[in-house]
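J.: Sharing a structure with you now.
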Amino acid sequence: MTKRSLAARAGAGALVLALGATACGGASGSDNVGANPAPSDSMSSMATSMASPATDATATPAAALRAGLDQLFREHVDLTGFAVQTAVSTGATSKSTAGALAALDGNTKALGTAIGSVYGPAAEKAFLQQWRAHIGFFVDYTLGLAGKDAAKVRDAQAKLAGYKRDFAAFLGGATKIPPAAIATELQGHIQTLESAIQSIVANKADAAAKLQMAAMHMDGTAAALAAGIAKDKSLAGSVDGEASGLRSALTGLLVQHVAQTVAVVQTAAATSLTSPQTSGAITALDQNTIDLGAAIGSLYGKDAQTAFLKMWRDHIGFFVEYTKGLATKDTAAVTDAETKLAGYQKNFGDFLGTATGLPGTAVSADLAGHIQTLEAAIKAVLTKDPTAGDKVSMAEDHMAGTAAVLAKAIAAQKHLS
């Protein structure tokens, strides 16, 4: 079984790295999943030359902690939604669903390893027990909804309420954050994820938007927990500084780009490319694009925002064409989409390079990793490959590494602290 080093998982390993530890993260759900593509060496090297460790406020232990938690928590929501949609499409006991649940457990193991690196093996064991239990309660909730079993739904909700109380006490004892404050954050997690699950099971057009809302909620949870842990462990740097906020925001938005793209593909495969559900998923994906554009505009102005939006939307369109070509076994359409993505890779690399000061060729090489990992995830979803969840996770992990490098370059250029 393949093990991933959290240190190699960019944002996912940031908590371990923040505390100067090296640990093995969660095992993937499949033996044939290789190592995650990292940001290109030249891109990473250029970013390093632009900011020394003493001045790089995006890479302090506190900033890395926040970004790492942001990634892992968002992936928890995204992979839960992926597993629910897979179960709805293929059956709760299918091999595809088993693979999706294994990928979700890989995220759980990564979180557990991170907790253990801070608070020790006993805390890691306690975390894993409670975290896996709450996932089980969400599974029961899903099965209750799907089977129209109101008693099962109520029982799952009662268990989630108990989890909220007990897990808040556990985290509060570890981080010194008041348990009541943590319980409030957990209540938001439960409510937003329940809402997303309801829409997925009911095949509603707002399912992808609600899943995105549930993922976005975890940004606040990550920031709050990072602040508590950083204070408790006297970590260097600022959790709330501009540079830390930039890295965390880019991590969340780029990870979510992958998640929302996959949601479109899953939805189209389960319904059709022209269904109201797919239209809703595409709208949710475009909201992520709008948010990314706003982030670019806040840094580089309206003209850069407009240019970004055009190129970013174009590349999403190319992925849609790629998906349609695969689904209809149209080799020519697939080849054409890949050619267009290669052109985007060069042009967008030049655009980002000009803006950030990174070499355009290095940015382009990193974009190749995004294209390759997302293409692999799309193929796996369409073929109902049990490794699809792992491939989605790999594509998200790649984007967290990209976010770290871009944030480092931008922070140095804009003198963010």
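All residue names refer to the structure tokens as shown: chains lettered A, B, ... in order, residues numbered from 1 in each chain, ligands numbered from 1 in order.
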Show me, as CSV, the residues of segment 342-371 of chain A having an atom within 10 Å of segment 310-331 of chain A, each with the closest atom pair and its distance in Å, using only C-alpha atoms.

T.:
```
residue,atom,partner,partner_atom,distance
A:Ala342,CA,A:His315,CA,9.7
A:Gly343,CA,A:His315,CA,9.5
A:Tyr344,CA,A:His315,CA,6.5
A:Gln345,CA,A:His315,CA,8.7
A:Asn347,CA,A:Met311,CA,8.4
A:Phe348,CA,A:Met311,CA,6.9
A:Phe351,CA,A:Met311,CA,9.3
A:Ile371,CA,A:Phe319,CA,8.8
```

J.: Identify, on the basis of only C-alpha atoms, every residue whose closest approach to segment 214-226 of chain A does not exceed 9 Å; exclude the query and any residue fewer than 2 positions from it along the same chain; express the result as a ChimeraX atom specification.

T.: /A:62-63,65-78,171,175,177,182,185-186,188-196,209-212,228-231,239-240,248-249,252-253,256

J.: Which residues are near Gln198 of chain A? Cut-off 10 Å, only C-alpha atoms, ignore same chain within fewer than 6 positions. Put them as a count of residues only.

T.: 9

J.: At what distance in Å, to one decimal, does atom CA of Phe138 of chain A lie from atom CA of Thr97 of chain A?

T.: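 Interatomic distance, atom CA of Thr97 of chain A to atom CA of Phe138 of chain A: 14.5 Å.
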
J.: Quick one: pick out all alpha helix (DSSP H) residues within segment 24-259 of chain A from a backbone DSSP run and write them as a ChimeraX atom specification.

T.: /A:41-50,61-90,95-119,121-146,150-175,179-201,207-232,242-259

J.: Please provide as a list in words all residues within 9 Å of Gly389 of chain A, with the sequence filter that same-chain residues fewer than 3 positions apart are discarded (counting only C-alpha atoms).

T.: Gly29, Leu79, Phe82, Ala83, Ser96, Gly99, Ala100, Leu101, Ala102, Ala103, Leu104, Ala377, Ala380, Val381, Asp385, Pro386, Val392, Ser393 and Met394 of chain A

J.: Limited to C-alpha atoms, could you put the picked residues into a file as a PDB file, in the first residue's frame?

T.:
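Contents of result-v1.pdb, as written:
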```pdb
ATOM      1  CA  GLY A  29      -6.861   3.514  -0.894  1.00  0.00           C
ATOM      2  CA  LEU A  79     -14.115  13.615  -0.475  1.00  0.00           C
ATOM      3  CA  PHE A  82     -17.503  12.548  -3.672  1.00  0.00           C
ATOM      4  CA  ALA A  83     -18.227   9.345  -1.718  1.00  0.00           C
ATOM      5  CA  SER A  96     -16.372   2.411  -6.634  1.00  0.00           C
ATOM      6  CA  GLY A  99     -12.672   3.109  -3.193  1.00  0.00           C
ATOM      7  CA  ALA A 100     -14.175   6.537  -2.505  1.00  0.00           C
ATOM      8  CA  LEU A 101     -14.476   5.714   1.197  1.00  0.00           C
ATOM      9  CA  ALA A 102     -10.856   4.497   1.224  1.00  0.00           C
ATOM     10  CA  ALA A 103      -9.744   7.832  -0.246  1.00  0.00           C
ATOM     11  CA  LEU A 104     -11.731   9.646   2.435  1.00  0.00           C
ATOM     12  CA  ALA A 377      -9.232  12.006 -12.092  1.00  0.00           C
ATOM     13  CA  ALA A 380     -11.297   7.492 -13.354  1.00  0.00           C
ATOM     14  CA  VAL A 381     -14.665   9.091 -12.558  1.00  0.00           C
ATOM     15  CA  ASP A 385     -12.538   3.238 -11.400  1.00  0.00           C
ATOM     16  CA  PRO A 386     -12.292   2.479  -7.647  1.00  0.00           C
ATOM     17  CA  VAL A 392      -9.083  13.398  -7.026  1.00  0.00           C
ATOM     18  CA  SER A 393      -7.084  13.714  -3.812  1.00  0.00           C
ATOM     19  CA  MET A 394      -3.822  13.709  -5.773  1.00  0.00           C
TER      20      MET A 394
END
```

J.: Between atom CA of Asp140 of chain A and atom CA of His257 of chain A, measure the distance and give it in Å to one decimal.

T.: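 Going from atom CA of Asp140 of chain A over to atom CA of His257 of chain A, I get 28.4 Å.
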
J.: With a distance cut-off of 9 Å and only C-alpha atoms, select the neighbouring residues of Gly349 of chain A, excluding the residue or stretch itself and same-chain residues fewer than 4 positions from it, and output the selection as a list in words.

T.: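 Residues meeting the cut-off are Tyr344, Gln345, Gly353, Thr354, Pro359, Gly360, Thr361, Ala362, Val363, Ser364, Ala365, Asp366 and Leu367 of chain A.
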
J.: Between atom CA of Lys346 of chain A and atom CA of Ala64 of chain A, what is the distance in Å, rounded to a tenth?

T.: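 Computed distance, atom CA of Lys346 of chain A to atom CA of Ala64 of chain A, equals 29.3 Å.
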
J.: Tell me which protein, DNA and RNA residues are within 10 Å of Pro276 of chain A, counting only C-alpha atoms, leaving out same-chain ones fewer than 5 positions away, and put them as a VMD selection string.

T.: chain A and resid 203 to 206 267 to 268 271 281 to 282

J.: Export all heavy atoms of the chosen residues as a PDB file, in the first residue's frame?

T.:
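Final output, saved to result-v2.pdb:
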```
ATOM      1  N   ASN A 203     -30.820  14.566  -5.616  1.00  0.00           N
ATOM      2  CA  ASN A 203     -30.502  14.889  -7.004  1.00  0.00           C
ATOM      3  C   ASN A 203     -30.916  16.318  -7.353  1.00  0.00           C
ATOM      4  O   ASN A 203     -31.447  16.587  -8.445  1.00  0.00           O
ATOM      5  CB  ASN A 203     -31.175  13.894  -7.951  1.00  0.00           C
ATOM      6  CG  ASN A 203     -30.444  13.750  -9.268  1.00  0.00           C
ATOM      7  OD1 ASN A 203     -29.255  14.011  -9.354  1.00  0.00           O
ATOM      8  ND2 ASN A 203     -31.157  13.341 -10.307  1.00  0.00           N
ATOM      9  N   LYS A 204     -30.651  17.250  -6.453  1.00  0.00           N
ATOM     10  CA  LYS A 204     -31.027  18.644  -6.668  1.00  0.00           C
ATOM     11  C   LYS A 204     -29.939  19.402  -7.419  1.00  0.00           C
ATOM     12  O   LYS A 204     -28.763  19.063  -7.358  1.00  0.00           O
ATOM     13  CB  LYS A 204     -31.294  19.326  -5.316  1.00  0.00           C
ATOM     14  CG  LYS A 204     -32.559  18.842  -4.620  1.00  0.00           C
ATOM     15  CD  LYS A 204     -32.812  19.661  -3.363  1.00  0.00           C
ATOM     16  CE  LYS A 204     -34.110  19.250  -2.685  1.00  0.00           C
ATOM     17  NZ  LYS A 204     -34.352  20.043  -1.450  1.00  0.00           N
ATOM     18  N   ALA A 205     -30.374  20.475  -8.077  1.00  0.00           N
ATOM     19  CA  ALA A 205     -29.440  21.263  -8.880  1.00  0.00           C
ATOM     20  C   ALA A 205     -28.472  22.077  -8.034  1.00  0.00           C
ATOM     21  O   ALA A 205     -27.441  22.535  -8.546  1.00  0.00           O
ATOM     22  CB  ALA A 205     -30.228  22.198  -9.808  1.00  0.00           C
ATOM     23  N   ASP A 206     -28.779  22.269  -6.753  1.00  0.00           N
ATOM     24  CA  ASP A 206     -27.901  23.069  -5.889  1.00  0.00           C
ATOM     25  C   ASP A 206     -26.897  22.236  -5.117  1.00  0.00           C
ATOM     26  O   ASP A 206     -26.209  22.741  -4.233  1.00  0.00           O
ATOM     27  CB  ASP A 206     -28.728  23.917  -4.921  1.00  0.00           C
ATOM     28  CG  ASP A 206     -29.520  23.082  -3.907  1.00  0.00           C
ATOM     29  OD1 ASP A 206     -29.484  21.833  -3.995  1.00  0.00           O
ATOM     30  OD2 ASP A 206     -30.175  23.682  -3.038  1.00  0.00           O
ATOM     31  N   THR A 267     -21.564  14.725 -11.780  1.00  0.00           N
ATOM     32  CA  THR A 267     -22.975  15.037 -12.001  1.00  0.00           C
ATOM     33  C   THR A 267     -23.384  14.756 -13.441  1.00  0.00           C
ATOM     34  O   THR A 267     -24.458  14.185 -13.692  1.00  0.00           O
ATOM     35  CB  THR A 267     -23.248  16.514 -11.655  1.00  0.00           C
ATOM     36  OG1 THR A 267     -22.826  16.774 -10.317  1.00  0.00           O
ATOM     37  CG2 THR A 267     -24.731  16.832 -11.776  1.00  0.00           C
ATOM     38  N   ALA A 268     -22.539  15.155 -14.387  1.00  0.00           N
ATOM     39  CA  ALA A 268     -22.847  14.904 -15.795  1.00  0.00           C
ATOM     40  C   ALA A 268     -22.915  13.408 -16.078  1.00  0.00           C
ATOM     41  O   ALA A 268     -23.784  12.947 -16.841  1.00  0.00           O
ATOM     42  CB  ALA A 268     -21.800  15.559 -16.688  1.00  0.00           C
ATOM     43  N   THR A 271     -26.258  12.159 -14.538  1.00  0.00           N
ATOM     44  CA  THR A 271     -27.495  12.681 -15.132  1.00  0.00           C
ATOM     45  C   THR A 271     -27.286  12.827 -16.636  1.00  0.00           C
ATOM     46  O   THR A 271     -27.535  11.915 -17.401  1.00  0.00           O
ATOM     47  CB  THR A 271     -27.878  14.024 -14.477  1.00  0.00           C
ATOM     48  OG1 THR A 271     -26.801  14.962 -14.609  1.00  0.00           O
ATOM     49  CG2 THR A 271     -28.183  13.833 -12.996  1.00  0.00           C
ATOM     50  N   ALA A 281     -24.031  22.484 -11.176  1.00  0.00           N
ATOM     51  CA  ALA A 281     -22.633  22.187 -10.823  1.00  0.00           C
ATOM     52  C   ALA A 281     -21.679  23.115 -11.582  1.00  0.00           C
ATOM     53  O   ALA A 281     -20.669  23.569 -11.026  1.00  0.00           O
ATOM     54  CB  ALA A 281     -22.314  20.731 -11.133  1.00  0.00           C
ATOM     55  N   ILE A 282     -21.994  23.405 -12.843  1.00  0.00           N
ATOM     56  CA  ILE A 282     -21.159  24.314 -13.632  1.00  0.00           C
ATOM     57  C   ILE A 282     -21.215  25.727 -13.047  1.00  0.00           C
ATOM     58  O   ILE A 282     -20.199  26.432 -12.978  1.00  0.00           O
ATOM     59  CB  ILE A 282     -21.602  24.312 -15.105  1.00  0.00           C
ATOM     60  CG1 ILE A 282     -21.244  22.962 -15.751  1.00  0.00           C
ATOM     61  CG2 ILE A 282     -20.958  25.448 -15.877  1.00  0.00           C
ATOM     62  CD1 ILE A 282     -21.809  22.769 -17.142  1.00  0.00           C
TER      63      ILE A 282
END
```
